[in-house]
file final.txt (compact mmCIF, C-alpha atoms and all ligand atoms)
# COMPACT_ATOMS: atom_id res chain seq x y z
CA MET I 231 -3.10 -34.91 16.40
CA ARG I 232 -4.62 -37.11 13.70
CA SER I 233 -3.15 -37.30 10.25
CA ASP I 234 -3.63 -38.61 6.79
CA ALA I 235 -0.13 -39.59 5.95
CA SER I 236 0.05 -42.51 3.62
CA GLU I 237 1.46 -40.33 0.80
CA GLY I 238 3.72 -38.16 2.92
CA TRP I 239 2.51 -35.86 5.65
CA GLY I 240 0.25 -33.18 4.26
CA PHE I 241 -2.90 -32.84 6.27
CA PHE I 242 -3.68 -33.02 10.00
CA GLN I 243 -6.54 -32.42 12.31
CA VAL I 244 -5.62 -30.85 15.66
CA ILE I 245 -8.08 -31.54 18.44
CA ASN I 246 -6.26 -30.89 21.72
CA HIS I 247 -5.20 -27.36 20.86
CA GLY I 248 -6.44 -25.80 24.08
CA ILE I 249 -8.26 -22.93 22.35
CA PRO I 250 -11.67 -22.40 24.00
CA SER I 251 -14.55 -23.40 21.71
CA SER I 252 -16.15 -20.00 22.41
CA VAL I 253 -13.15 -18.34 20.70
CA LEU I 254 -13.56 -20.57 17.64
CA GLU I 255 -17.30 -19.87 17.45
CA GLU I 256 -16.88 -16.12 17.92
CA THR I 257 -14.20 -16.04 15.21
CA ILE I 258 -16.51 -17.68 12.68
CA ASP I 259 -19.29 -15.39 13.84
CA GLY I 260 -17.15 -12.26 13.57
CA ILE I 261 -16.14 -13.08 10.00
CA ARG I 262 -19.76 -13.83 9.11
CA GLN I 263 -20.87 -10.51 10.60
CA PHE I 264 -18.22 -8.65 8.64
CA HIS I 265 -19.38 -10.13 5.35
CA GLU I 266 -23.08 -9.66 6.12
CA GLN I 267 -22.79 -5.92 6.68
CA ASP I 268 -24.10 -3.44 4.13
CA THR I 269 -21.94 -3.14 1.04
CA GLY I 270 -21.53 0.55 1.86
CA VAL I 271 -19.78 -0.36 5.13
CA LYS I 272 -17.57 -3.06 3.56
CA LYS I 273 -16.60 -0.72 0.74
CA ARG I 274 -14.19 1.06 3.08
CA PHE I 275 -12.06 -2.11 3.13
CA TYR I 276 -12.34 -3.04 -0.55
CA THR I 277 -9.03 -3.14 -2.39
CA ARG I 278 -7.27 -5.41 -4.89
CA ASP I 279 -3.84 -4.34 -3.64
CA LEU I 280 -2.44 -7.40 -1.86
CA ARG I 281 0.05 -5.21 0.00
CA SER I 282 -2.73 -3.46 1.92
CA LYS I 283 -2.92 -4.18 5.62
CA VAL I 284 -6.64 -4.92 5.58
CA ILE I 285 -8.32 -6.24 2.44
CA TYR I 286 -11.88 -7.08 1.42
CA MET I 287 -12.16 -8.58 -2.03
CA SER I 288 -13.33 -11.43 -4.19
CA ASN I 289 -10.86 -13.65 -6.08
CA PHE I 290 -7.33 -12.29 -5.56
CA ASP I 291 -6.42 -13.97 -8.88
CA LEU I 292 -9.44 -12.79 -10.89
CA TYR I 293 -7.28 -11.65 -13.83
CA GLU I 294 -4.80 -14.57 -13.76
CA ALA I 295 -6.74 -17.77 -13.02
CA PRO I 296 -8.88 -19.53 -15.66
CA ALA I 297 -12.04 -19.32 -13.52
CA ALA I 298 -13.47 -17.21 -10.72
CA ASN I 299 -14.38 -18.75 -7.36
CA TRP I 300 -17.71 -18.46 -5.58
CA ARG I 301 -16.50 -16.63 -2.48
CA ASP I 302 -15.62 -13.29 -0.92
CA THR I 303 -12.61 -12.82 1.31
CA PHE I 304 -11.40 -10.65 4.14
CA VAL I 305 -7.61 -10.58 4.72
CA CYS I 306 -5.37 -8.98 7.26
CA GLY I 307 -1.74 -9.47 8.18
CA VAL I 308 -1.65 -10.12 11.93
CA VAL I 309 2.10 -10.82 12.39
CA PRO I 310 4.53 -9.04 12.48
CA ASN I 311 2.67 -5.72 12.11
CA PRO I 312 -0.98 -6.09 13.06
CA PRO I 313 -3.23 -3.23 11.99
CA ASP I 314 -4.14 -0.63 14.61
CA PRO I 315 -7.47 -1.58 16.21
CA GLU I 316 -9.29 1.27 14.46
CA GLU I 317 -8.10 -0.04 11.07
CA LEU I 318 -10.00 -3.30 11.67
CA PRO I 319 -13.75 -3.64 11.10
CA GLY I 320 -15.60 -2.93 14.36
CA VAL I 321 -17.75 -6.10 14.17
CA CYS I 322 -14.77 -8.46 14.39
CA ARG I 323 -11.97 -6.27 15.79
CA ASP I 324 -11.65 -7.85 19.23
CA ILE I 325 -12.05 -11.46 18.15
CA ILE I 326 -9.50 -11.10 15.35
CA ARG I 327 -6.93 -9.90 17.86
CA GLU I 328 -7.76 -12.71 20.29
CA TYR I 329 -7.77 -15.41 17.59
CA SER I 330 -4.48 -14.14 16.12
CA MET I 331 -2.75 -14.50 19.49
CA GLN I 332 -4.06 -18.06 19.78
CA MET I 333 -2.85 -18.86 16.25
CA LYS I 334 0.58 -17.45 16.90
CA SER I 335 1.05 -19.68 19.90
CA LEU I 336 -0.42 -22.80 18.22
CA GLY I 337 1.83 -22.10 15.23
CA ILE I 338 4.91 -22.17 17.45
CA THR I 339 3.86 -25.54 18.87
CA LEU I 340 3.26 -26.94 15.38
CA PHE I 341 6.62 -25.70 14.12
CA GLU I 342 8.25 -27.40 17.13
CA LEU I 343 6.46 -30.69 16.53
CA ILE I 344 7.25 -30.64 12.82
CA SER I 345 10.92 -29.89 13.53
CA GLU I 346 11.04 -32.93 15.80
CA ALA I 347 9.21 -35.07 13.25
CA LEU I 348 11.94 -34.17 10.77
CA GLY I 349 14.61 -35.25 13.28
CA LEU I 350 15.72 -31.66 13.83
CA LYS I 351 16.03 -29.77 17.09
CA ARG I 352 12.77 -28.42 18.45
CA GLY I 353 13.47 -24.76 17.69
CA TYR I 354 14.79 -25.34 14.15
CA LEU I 355 11.89 -24.10 12.04
CA LYS I 356 11.06 -21.25 14.38
CA GLU I 357 14.63 -20.00 14.07
CA LEU I 358 14.53 -20.41 10.30
CA VAL I 359 11.60 -18.01 9.97
CA GLU I 360 12.54 -15.73 12.86
CA ASP I 361 12.26 -12.01 11.95
CA GLU I 362 10.66 -12.85 8.59
CA GLU I 363 7.56 -14.72 9.66
CA ARG I 364 4.30 -13.36 8.37
CA ILE I 365 0.89 -14.59 9.51
CA LEU I 366 -2.09 -13.72 7.35
CA LEU I 367 -5.61 -14.15 8.64
CA VAL I 368 -8.04 -14.88 5.81
CA GLY I 369 -11.79 -15.00 6.44
CA HIS I 370 -13.76 -16.55 3.56
CA TYR I 371 -17.50 -16.27 2.94
CA TYR I 372 -19.00 -18.76 0.46
CA PRO I 373 -22.55 -17.62 -0.34
CA PRO I 374 -25.24 -20.23 -1.07
CA CYS I 375 -24.90 -21.14 -4.73
CA PRO I 376 -28.01 -21.72 -6.88
CA GLU I 377 -26.11 -23.84 -9.45
CA PRO I 378 -23.24 -25.54 -7.57
CA GLU I 379 -22.49 -27.92 -10.44
CA LEU I 380 -21.34 -24.96 -12.56
CA THR I 381 -18.67 -23.56 -10.26
CA LEU I 382 -16.41 -24.11 -7.23
CA GLY I 383 -16.05 -22.34 -3.90
CA SER I 384 -12.32 -22.58 -4.40
CA THR I 385 -10.42 -24.19 -7.26
CA SER I 386 -7.96 -26.96 -6.45
CA HIS I 387 -4.70 -25.51 -5.10
CA GLN I 388 -1.83 -25.86 -2.65
CA ASP I 389 -1.05 -23.06 -0.21
CA ASP I 390 1.91 -20.72 -0.71
CA ASP I 391 3.18 -21.00 2.86
CA PHE I 392 4.72 -23.38 5.40
CA LEU I 393 1.41 -24.34 6.90
CA THR I 394 -2.16 -23.14 7.17
CA ILE I 395 -4.36 -23.54 10.24
CA LEU I 396 -7.94 -23.71 9.08
CA LEU I 397 -11.13 -23.21 11.04
CA GLN I 398 -14.34 -24.14 9.25
CA ASP I 399 -18.00 -24.00 10.20
CA GLN I 400 -20.39 -26.96 9.99
CA ILE I 401 -21.50 -26.59 6.34
CA GLY I 402 -18.78 -28.71 4.74
CA GLY I 403 -17.43 -28.58 1.20
CA LEU I 404 -13.67 -28.69 1.81
CA GLN I 405 -11.97 -31.64 0.11
CA VAL I 406 -8.37 -32.88 0.02
CA LEU I 407 -6.86 -34.96 -2.73
CA HIS I 408 -5.76 -38.34 -1.42
CA GLN I 409 -4.45 -41.08 -3.71
CA ASN I 410 -6.10 -39.34 -6.65
CA HIS I 411 -9.50 -39.15 -4.99
CA TRP I 412 -11.23 -36.11 -3.53
CA VAL I 413 -12.00 -36.82 0.13
CA ASP I 414 -14.45 -34.70 2.18
CA VAL I 415 -12.98 -33.02 5.24
CA VAL I 416 -16.03 -33.49 7.41
CA PRO I 417 -16.43 -30.57 9.84
CA ASP I 418 -15.48 -31.54 13.38
CA ARG I 419 -16.77 -29.07 15.97
CA GLY I 420 -13.80 -27.75 17.93
CA GLY I 421 -11.23 -29.27 15.57
CA LEU I 422 -8.73 -27.29 13.54
CA ILE I 423 -7.28 -28.42 10.25
CA VAL I 424 -3.64 -28.00 9.35
CA ASN I 425 -2.62 -28.04 5.71
CA VAL I 426 1.03 -28.34 4.80
CA GLY I 427 1.99 -25.68 2.23
CA ASP I 428 4.55 -25.50 -0.56
CA LEU I 429 7.34 -23.92 1.48
CA LEU I 430 7.34 -26.77 4.01
CA GLN I 431 7.34 -29.30 1.19
CA LEU I 432 10.35 -27.53 -0.30
CA ILE I 433 12.47 -27.25 2.85
CA SER I 434 11.55 -30.75 4.06
CA ASN I 435 12.62 -32.12 0.66
CA ASP I 436 9.22 -33.79 0.13
CA LYS I 437 9.01 -35.37 3.63
CA PHE I 438 5.96 -33.19 4.15
CA ILE I 439 3.69 -32.84 1.15
CA SER I 440 1.75 -29.70 0.31
CA VAL I 441 -1.82 -30.90 0.27
CA GLN I 442 -3.97 -30.27 -2.76
CA HIS I 443 -7.39 -29.05 -1.68
CA ARG I 444 -10.51 -27.34 -2.98
CA VAL I 445 -13.91 -26.20 -1.74
CA LEU I 446 -17.15 -27.24 -3.43
CA ALA I 447 -19.87 -24.67 -3.97
CA LYS I 448 -23.11 -25.64 -2.19
CA ARG I 449 -26.76 -24.77 -2.22
CA GLU I 450 -26.62 -24.51 1.57
CA GLY I 451 -24.83 -21.67 3.14
CA PRO I 452 -23.26 -19.32 3.66
CA ARG I 453 -20.14 -21.26 4.59
CA ILE I 454 -17.51 -19.46 6.66
CA SER I 455 -13.88 -20.46 7.06
CA VAL I 456 -10.91 -18.72 8.63
CA ALA I 457 -7.44 -19.67 7.40
CA CYS I 458 -4.22 -18.52 9.06
CA PHE I 459 -1.28 -18.69 6.66
CA PHE I 460 2.20 -19.04 8.13
CA LYS I 461 4.48 -17.68 5.46
CA LEU I 462 7.48 -15.47 4.82
CA GLN I 463 7.31 -11.76 4.19
CA TYR I 464 7.51 -10.87 0.54
CA PRO I 465 11.18 -9.91 0.10
CA LYS I 466 11.65 -6.17 -0.17
CA GLY I 467 14.37 -4.45 -2.15
CA ASP I 468 17.07 -6.30 -4.02
CA ALA I 469 18.41 -8.64 -1.34
CA PRO I 470 17.27 -12.14 -2.37
CA ARG I 471 15.95 -14.50 0.30
CA HIS I 472 16.88 -18.05 -0.60
CA LEU I 473 15.14 -21.16 0.63
CA GLY I 474 15.92 -24.77 -0.21
CA PRO I 475 15.91 -28.28 1.22
CA ILE I 476 17.31 -28.26 4.77
CA GLN I 477 20.95 -29.35 4.71
CA GLU I 478 20.52 -31.81 7.60
CA LEU I 479 17.89 -33.72 5.58
CA ILE I 480 20.14 -34.22 2.59
CA SER I 481 22.45 -37.19 2.18
CA GLU I 482 23.78 -39.38 -0.59
CA GLY I 483 20.69 -41.57 -0.32
CA ASN I 484 18.45 -38.52 0.00
CA PRO I 485 19.55 -36.01 -2.64
CA PRO I 486 17.84 -32.62 -2.87
CA VAL I 487 14.60 -32.66 -4.83
CA TYR I 488 14.53 -28.86 -5.26
CA ARG I 489 17.06 -26.21 -6.09
CA HIS I 490 17.51 -23.28 -3.74
CA ILE I 491 14.93 -20.75 -4.77
CA ASN I 492 14.62 -17.04 -4.35
CA VAL I 493 11.40 -16.68 -2.37
CA LYS I 494 10.36 -13.71 -4.52
CA GLU I 495 10.69 -15.91 -7.61
CA TYR I 496 8.32 -18.46 -6.05
CA PHE I 497 5.74 -15.85 -4.97
CA ASP I 498 5.87 -14.16 -8.38
CA HIS I 499 5.21 -17.52 -10.01
CA PHE I 500 2.37 -18.42 -7.60
CA TYR I 501 0.56 -15.08 -7.95
CA GLY I 502 1.34 -14.84 -11.67
CA LYS I 503 -0.65 -17.99 -12.44
CA GLY I 504 -3.36 -17.79 -9.73
CA LEU I 505 -5.27 -20.87 -8.57
CA ASP I 506 -5.12 -22.75 -11.87
CA GLY I 507 -4.90 -26.26 -10.42
CA ASN I 508 -1.19 -26.71 -11.21
CA PRO I 509 1.40 -27.20 -8.46
CA ALA I 510 3.46 -24.00 -8.02
CA LEU I 511 6.60 -25.94 -7.00
CA THR I 512 7.03 -27.77 -10.30
CA PRO I 513 9.42 -25.26 -11.93
CA PHE I 514 11.73 -25.48 -8.92
CA ARG I 515 12.22 -29.27 -8.99
CA LEU I 516 15.64 -30.55 -9.93
O1 LIG B 601 -12.35 -22.43 2.96
C1 LIG B 601 -11.63 -23.42 3.12
O2 LIG B 601 -11.97 -24.37 3.81
C2 LIG B 601 -10.29 -23.48 2.44
C3 LIG B 601 -9.64 -22.15 2.21
C4 LIG B 601 -8.34 -22.30 1.50
O3 LIG B 601 -8.00 -23.33 0.99
C5 LIG B 601 -7.42 -21.16 1.41
O4 LIG B 601 -7.74 -20.06 1.89
O5 LIG B 601 -6.32 -21.35 0.85
FE FE B 602 -5.90 -23.27 0.58
call {"tool": "encode", "arguments": {"input": "final.txt", "output": "structure tokens"}}
result
Amino acid sequence: MRSDASEGWGFFQVINHGIPSSVLEETIDGIRQFHEQDTGVKKRFYTRDLRSKVIYMSNFDLYEAPAANWRDTFVCGVVPNPPDPEELPGVCRDIIREYSMQMKSLGITLFELISEALGLKRGYLKELVEDEERILLVGHYYPPCPEPELTLGSTSHQDDDFLTILLQDQIGGLQVLHQNHWVDVVPDRGGLIVNVGDLLQLISNDKFISVQHRVLAKREGPRISVACFFKLQYPKGDAPRHLGPIQELISEGNPPVYRHINVKEYFDHFYGKGLDGNPALTPFRL
């Protein structure tokens, strides 16, 4: 595992993940094939309802964010309730199921390593999310852009999850903010990128930092990326689900940086503002 950690741990590249390169290539290919089908075929999956099991759309935050992004997106929740095979698009059905299984197992390993890095027992984070874990598979398609200086593939943002495992093709365009400079994440064939998200920043009390990232629009393309978001299920009903800095990480010398939040409150804030470039955790800082 390589990391860029001089400002807190926020961004890694995982190389020895054990996932066959053919699976990575077929996943990119499957998502590309989905997006390159006739509009009439894709229409069946089009919805702006983020609660749907399978979603095809452009800009989830079209009506909230200040600007639209130059990309289309396919989304499906793969854990805990994956769609029935026939609910998935035929062109990428099998590879989505295979890739999801690989992600679930890599996610467990990453949660174990991060628990240990925080000085906690290996199973700590896994137990914390047990029964509530939600993994979303998100397949982006960034078409070639005739005027890339006028727009972005994705506006600067931090992810609303614990961590995101990201697979990108060879086109490039992803950048992370490091010491106030945008740094290219150069595509590495066979490598997977791991971005720390807001929820891990919150519970680790800023030991891990949610990485700010964006995607440039490019004349070359299309660019395909597949992001797996490890998050919590959106709380249903009235029972609040609270999350705050892990007790074991708090001491007199290390006071909590965040208050305990209701997860619904965080998600409502994140989706209410869209990808507007502002950190979603700010209102929850003490
Ligand atoms: O396409 C990429 O490389 C990044 C995607 C991303 O940041 C996201 O889905 O949150
Ligand atoms: Fe992201």
call {"tool": "residues_near_ligand", "arguments": {"input": "final.txt", "ligand": "ligand FE 602 (chain B)", "cutoff": "9 Å", "atoms": "only C-alpha atoms and all ligand atoms", "output": "PyMOL selection string"}}
result
chain I and resi 384+386-390+394+396+425+427+441-445+457+459
call {"tool": "axis_aligned_box", "arguments": {"input": "final.txt", "around": "segment 467-480 of chain I", "padding_each_side": "4 Å", "output": "AutoDock Vina command-line options"}}
result
--center_x 17.7 --center_y -19.3 --center_z 1.8 --size_x 14.6 --size_y 37.8 --size_z 19.6
call {"tool": "closest_residue", "arguments": {"input": "final.txt", "among": "I:Trp412, I:Phe514, I:Tyr329, I:Tyr276", "to": "Leu254 of chain I", "atoms": "all atoms listed in the file"}}
result
I:Tyr329
call {"tool": "residues_around", "arguments": {"input": "final.txt", "residues": "Tyr293 of chain I", "least_positions_apart": "6", "cutoff": "12 Å", "atoms": "all atoms listed in the file", "output": "list in words"}}
result
Arg278, Asn299, Tyr501, Gly502, Lys503, Gly504, Leu505 and Asp506 of chain I
call {"tool": "closest_residue", "arguments": {"input": "final.txt", "among": "I:Gly402, I:Pro319, I:Gly240, I:Pro373", "to": "ligand LIG 601 (chain B)", "atoms": "all atoms listed in the file"}}
result
I:Gly402
call {"tool": "closest_residue", "arguments": {"input": "final.txt", "among": "I:Asp468, I:Phe500, I:Phe438, I:Gln431", "to": "Arg515 of chain I", "atoms": "only C-alpha atoms"}}
result
I:Gln431
call {"tool": "closest_residue", "arguments": {"input": "final.txt", "among": "I:Gly270, I:Pro296, I:Gly260, I:Gly383", "to": "Arg327 of chain I", "atoms": "all atoms listed in the file"}}
result
I:Gly260
call {"tool": "residues_around", "arguments": {"input": "final.txt", "residues": "segment 465-467 of chain I", "least_positions_apart": "4", "cutoff": "8 Å", "atoms": "all atoms listed in the file", "output": "PyMOL selection string"}}
result
chain I and resi 471+493-494
call {"tool": "atom_distance", "arguments": {"input": "final.txt", "atom1": "atom CA of Leu336 of chain I", "atom2": "atom CA of Asp414 of chain I"}}
result
24.4 Å
call {"tool": "closest_residue", "arguments": {"input": "final.txt", "among": "I:Arg352, I:His370, I:Arg262, I:Arg364", "to": "ligand LIG 601 (chain B)", "atoms": "only C-alpha atoms and all ligand atoms"}}
result
I:His370
call {"tool": "atom_distance", "arguments": {"input": "final.txt", "atom1": "atom CA of Arg301 of chain I", "atom2": "atom CA of Leu366 of chain I"}}
result
17.7 Å
call {"tool": "atom_distance", "arguments": {"input": "final.txt", "atom1": "atom CA of Pro250 of chain I", "atom2": "atom CA of Val413 of chain I"}}
result
27.9 Å
call {"tool": "build_atoms", "arguments": {"input": "final.txt", "residues": "segment 479-508 of chain I", "atoms": "N, CA and C atoms", "output": "PDB file, in the coordinates of the input"}}
result
ATOM      1  N   LEU I 479      18.781 -32.673   6.105  1.00  0.00           N
ATOM      2  CA  LEU I 479      17.890 -33.720   5.580  1.00  0.00           C
ATOM      3  C   LEU I 479      18.433 -34.327   4.293  1.00  0.00           C
ATOM      4  N   ILE I 480      19.576 -33.790   3.864  1.00  0.00           N
ATOM      5  CA  ILE I 480      20.140 -34.220   2.590  1.00  0.00           C
ATOM      6  C   ILE I 480      21.292 -35.186   2.838  1.00  0.00           C
ATOM      7  N   SER I 481      21.330 -36.253   2.083  1.00  0.00           N
ATOM      8  CA  SER I 481      22.450 -37.190   2.180  1.00  0.00           C
ATOM      9  C   SER I 481      22.613 -37.825   0.792  1.00  0.00           C
ATOM     10  N   GLU I 482      23.573 -38.727   0.698  1.00  0.00           N
ATOM     11  CA  GLU I 482      23.780 -39.380  -0.590  1.00  0.00           C
ATOM     12  C   GLU I 482      22.514 -40.147  -1.025  1.00  0.00           C
ATOM     13  N   GLY I 483      21.909 -40.802  -0.015  1.00  0.00           N
ATOM     14  CA  GLY I 483      20.690 -41.570  -0.320  1.00  0.00           C
ATOM     15  C   GLY I 483      19.459 -40.685  -0.447  1.00  0.00           C
ATOM     16  N   ASN I 484      19.575 -39.459   0.012  1.00  0.00           N
ATOM     17  CA  ASN I 484      18.450 -38.520   0.000  1.00  0.00           C
ATOM     18  C   ASN I 484      18.847 -37.207  -0.674  1.00  0.00           C
ATOM     19  N   PRO I 485      19.076 -37.231  -1.962  1.00  0.00           N
ATOM     20  CA  PRO I 485      19.550 -36.010  -2.640  1.00  0.00           C
ATOM     21  C   PRO I 485      18.457 -34.942  -2.684  1.00  0.00           C
ATOM     22  N   PRO I 486      18.852 -33.682  -2.828  1.00  0.00           N
ATOM     23  CA  PRO I 486      17.840 -32.620  -2.870  1.00  0.00           C
ATOM     24  C   PRO I 486      16.893 -32.780  -4.057  1.00  0.00           C
ATOM     25  N   VAL I 487      15.625 -32.541  -3.790  1.00  0.00           N
ATOM     26  CA  VAL I 487      14.600 -32.660  -4.830  1.00  0.00           C
ATOM     27  C   VAL I 487      14.361 -31.299  -5.482  1.00  0.00           C
ATOM     28  N   TYR I 488      14.739 -30.233  -4.751  1.00  0.00           N
ATOM     29  CA  TYR I 488      14.530 -28.860  -5.260  1.00  0.00           C
ATOM     30  C   TYR I 488      15.841 -28.110  -5.255  1.00  0.00           C
ATOM     31  N   ARG I 489      15.937 -27.133  -6.162  1.00  0.00           N
ATOM     32  CA  ARG I 489      17.060 -26.210  -6.090  1.00  0.00           C
ATOM     33  C   ARG I 489      16.737 -25.136  -5.062  1.00  0.00           C
ATOM     34  N   HIS I 490      17.771 -24.419  -4.621  1.00  0.00           N
ATOM     35  CA  HIS I 490      17.510 -23.280  -3.740  1.00  0.00           C
ATOM     36  C   HIS I 490      16.777 -22.230  -4.561  1.00  0.00           C
ATOM     37  N   ILE I 491      15.702 -21.727  -4.001  1.00  0.00           N
ATOM     38  CA  ILE I 491      14.930 -20.750  -4.770  1.00  0.00           C
ATOM     39  C   ILE I 491      15.017 -19.387  -4.102  1.00  0.00           C
ATOM     40  N   ASN I 492      14.830 -18.369  -4.896  1.00  0.00           N
ATOM     41  CA  ASN I 492      14.620 -17.040  -4.350  1.00  0.00           C
ATOM     42  C   ASN I 492      13.122 -16.963  -4.032  1.00  0.00           C
ATOM     43  N   VAL I 493      12.808 -16.650  -2.794  1.00  0.00           N
ATOM     44  CA  VAL I 493      11.400 -16.680  -2.370  1.00  0.00           C
ATOM     45  C   VAL I 493      10.540 -15.763  -3.246  1.00  0.00           C
ATOM     46  N   LYS I 494      11.110 -14.642  -3.659  1.00  0.00           N
ATOM     47  CA  LYS I 494      10.360 -13.710  -4.520  1.00  0.00           C
ATOM     48  C   LYS I 494       9.985 -14.378  -5.846  1.00  0.00           C
ATOM     49  N   GLU I 495      10.913 -15.200  -6.353  1.00  0.00           N
ATOM     50  CA  GLU I 495      10.690 -15.910  -7.610  1.00  0.00           C
ATOM     51  C   GLU I 495       9.477 -16.862  -7.459  1.00  0.00           C
ATOM     52  N   TYR I 496       9.437 -17.544  -6.306  1.00  0.00           N
ATOM     53  CA  TYR I 496       8.320 -18.460  -6.050  1.00  0.00           C
ATOM     54  C   TYR I 496       6.997 -17.694  -5.956  1.00  0.00           C
ATOM     55  N   PHE I 497       6.979 -16.618  -5.137  1.00  0.00           N
ATOM     56  CA  PHE I 497       5.740 -15.850  -4.970  1.00  0.00           C
ATOM     57  C   PHE I 497       5.291 -15.256  -6.311  1.00  0.00           C
ATOM     58  N   ASP I 498       6.238 -14.742  -7.075  1.00  0.00           N
ATOM     59  CA  ASP I 498       5.870 -14.160  -8.380  1.00  0.00           C
ATOM     60  C   ASP I 498       5.224 -15.219  -9.270  1.00  0.00           C
ATOM     61  N   HIS I 499       5.774 -16.434  -9.214  1.00  0.00           N
ATOM     62  CA  HIS I 499       5.210 -17.520 -10.010  1.00  0.00           C
ATOM     63  C   HIS I 499       3.806 -17.892  -9.514  1.00  0.00           C
ATOM     64  N   PHE I 500       3.662 -18.021  -8.190  1.00  0.00           N
ATOM     65  CA  PHE I 500       2.370 -18.420  -7.600  1.00  0.00           C
ATOM     66  C   PHE I 500       1.287 -17.393  -7.950  1.00  0.00           C
ATOM     67  N   TYR I 501       1.576 -16.108  -7.722  1.00  0.00           N
ATOM     68  CA  TYR I 501       0.560 -15.080  -7.950  1.00  0.00           C
ATOM     69  C   TYR I 501       0.387 -14.781  -9.445  1.00  0.00           C
ATOM     70  N   GLY I 502       1.418 -15.077 -10.230  1.00  0.00           N
ATOM     71  CA  GLY I 502       1.340 -14.840 -11.670  1.00  0.00           C
ATOM     72  C   GLY I 502       0.373 -15.811 -12.355  1.00  0.00           C
ATOM     73  N   LYS I 503       0.221 -17.006 -11.787  1.00  0.00           N
ATOM     74  CA  LYS I 503      -0.650 -17.990 -12.440  1.00  0.00           C
ATOM     75  C   LYS I 503      -2.013 -18.109 -11.743  1.00  0.00           C
ATOM     76  N   GLY I 504      -2.095 -17.669 -10.466  1.00  0.00           N
ATOM     77  CA  GLY I 504      -3.360 -17.790  -9.730  1.00  0.00           C
ATOM     78  C   GLY I 504      -3.676 -19.252  -9.431  1.00  0.00           C
ATOM     79  N   LEU I 505      -4.874 -19.498  -8.936  1.00  0.00           N
ATOM     80  CA  LEU I 505      -5.270 -20.870  -8.570  1.00  0.00           C
ATOM     81  C   LEU I 505      -5.738 -21.598  -9.830  1.00  0.00           C
ATOM     82  N   ASP I 506      -4.772 -22.111 -10.597  1.00  0.00           N
ATOM     83  CA  ASP I 506      -5.120 -22.750 -11.870  1.00  0.00           C
ATOM     84  C   ASP I 506      -5.076 -24.277 -11.795  1.00  0.00           C
ATOM     85  N   GLY I 507      -4.890 -24.804 -10.594  1.00  0.00           N
ATOM     86  CA  GLY I 507      -4.900 -26.260 -10.420  1.00  0.00           C
ATOM     87  C   GLY I 507      -3.531 -26.900 -10.589  1.00  0.00           C
ATOM     88  N   ASN I 508      -2.529 -26.134 -11.022  1.00  0.00           N
ATOM     89  CA  ASN I 508      -1.190 -26.710 -11.210  1.00  0.00           C
ATOM     90  C   ASN I 508      -0.293 -26.421 -10.014  1.00  0.00           C
TER      91      ASN I 508
END
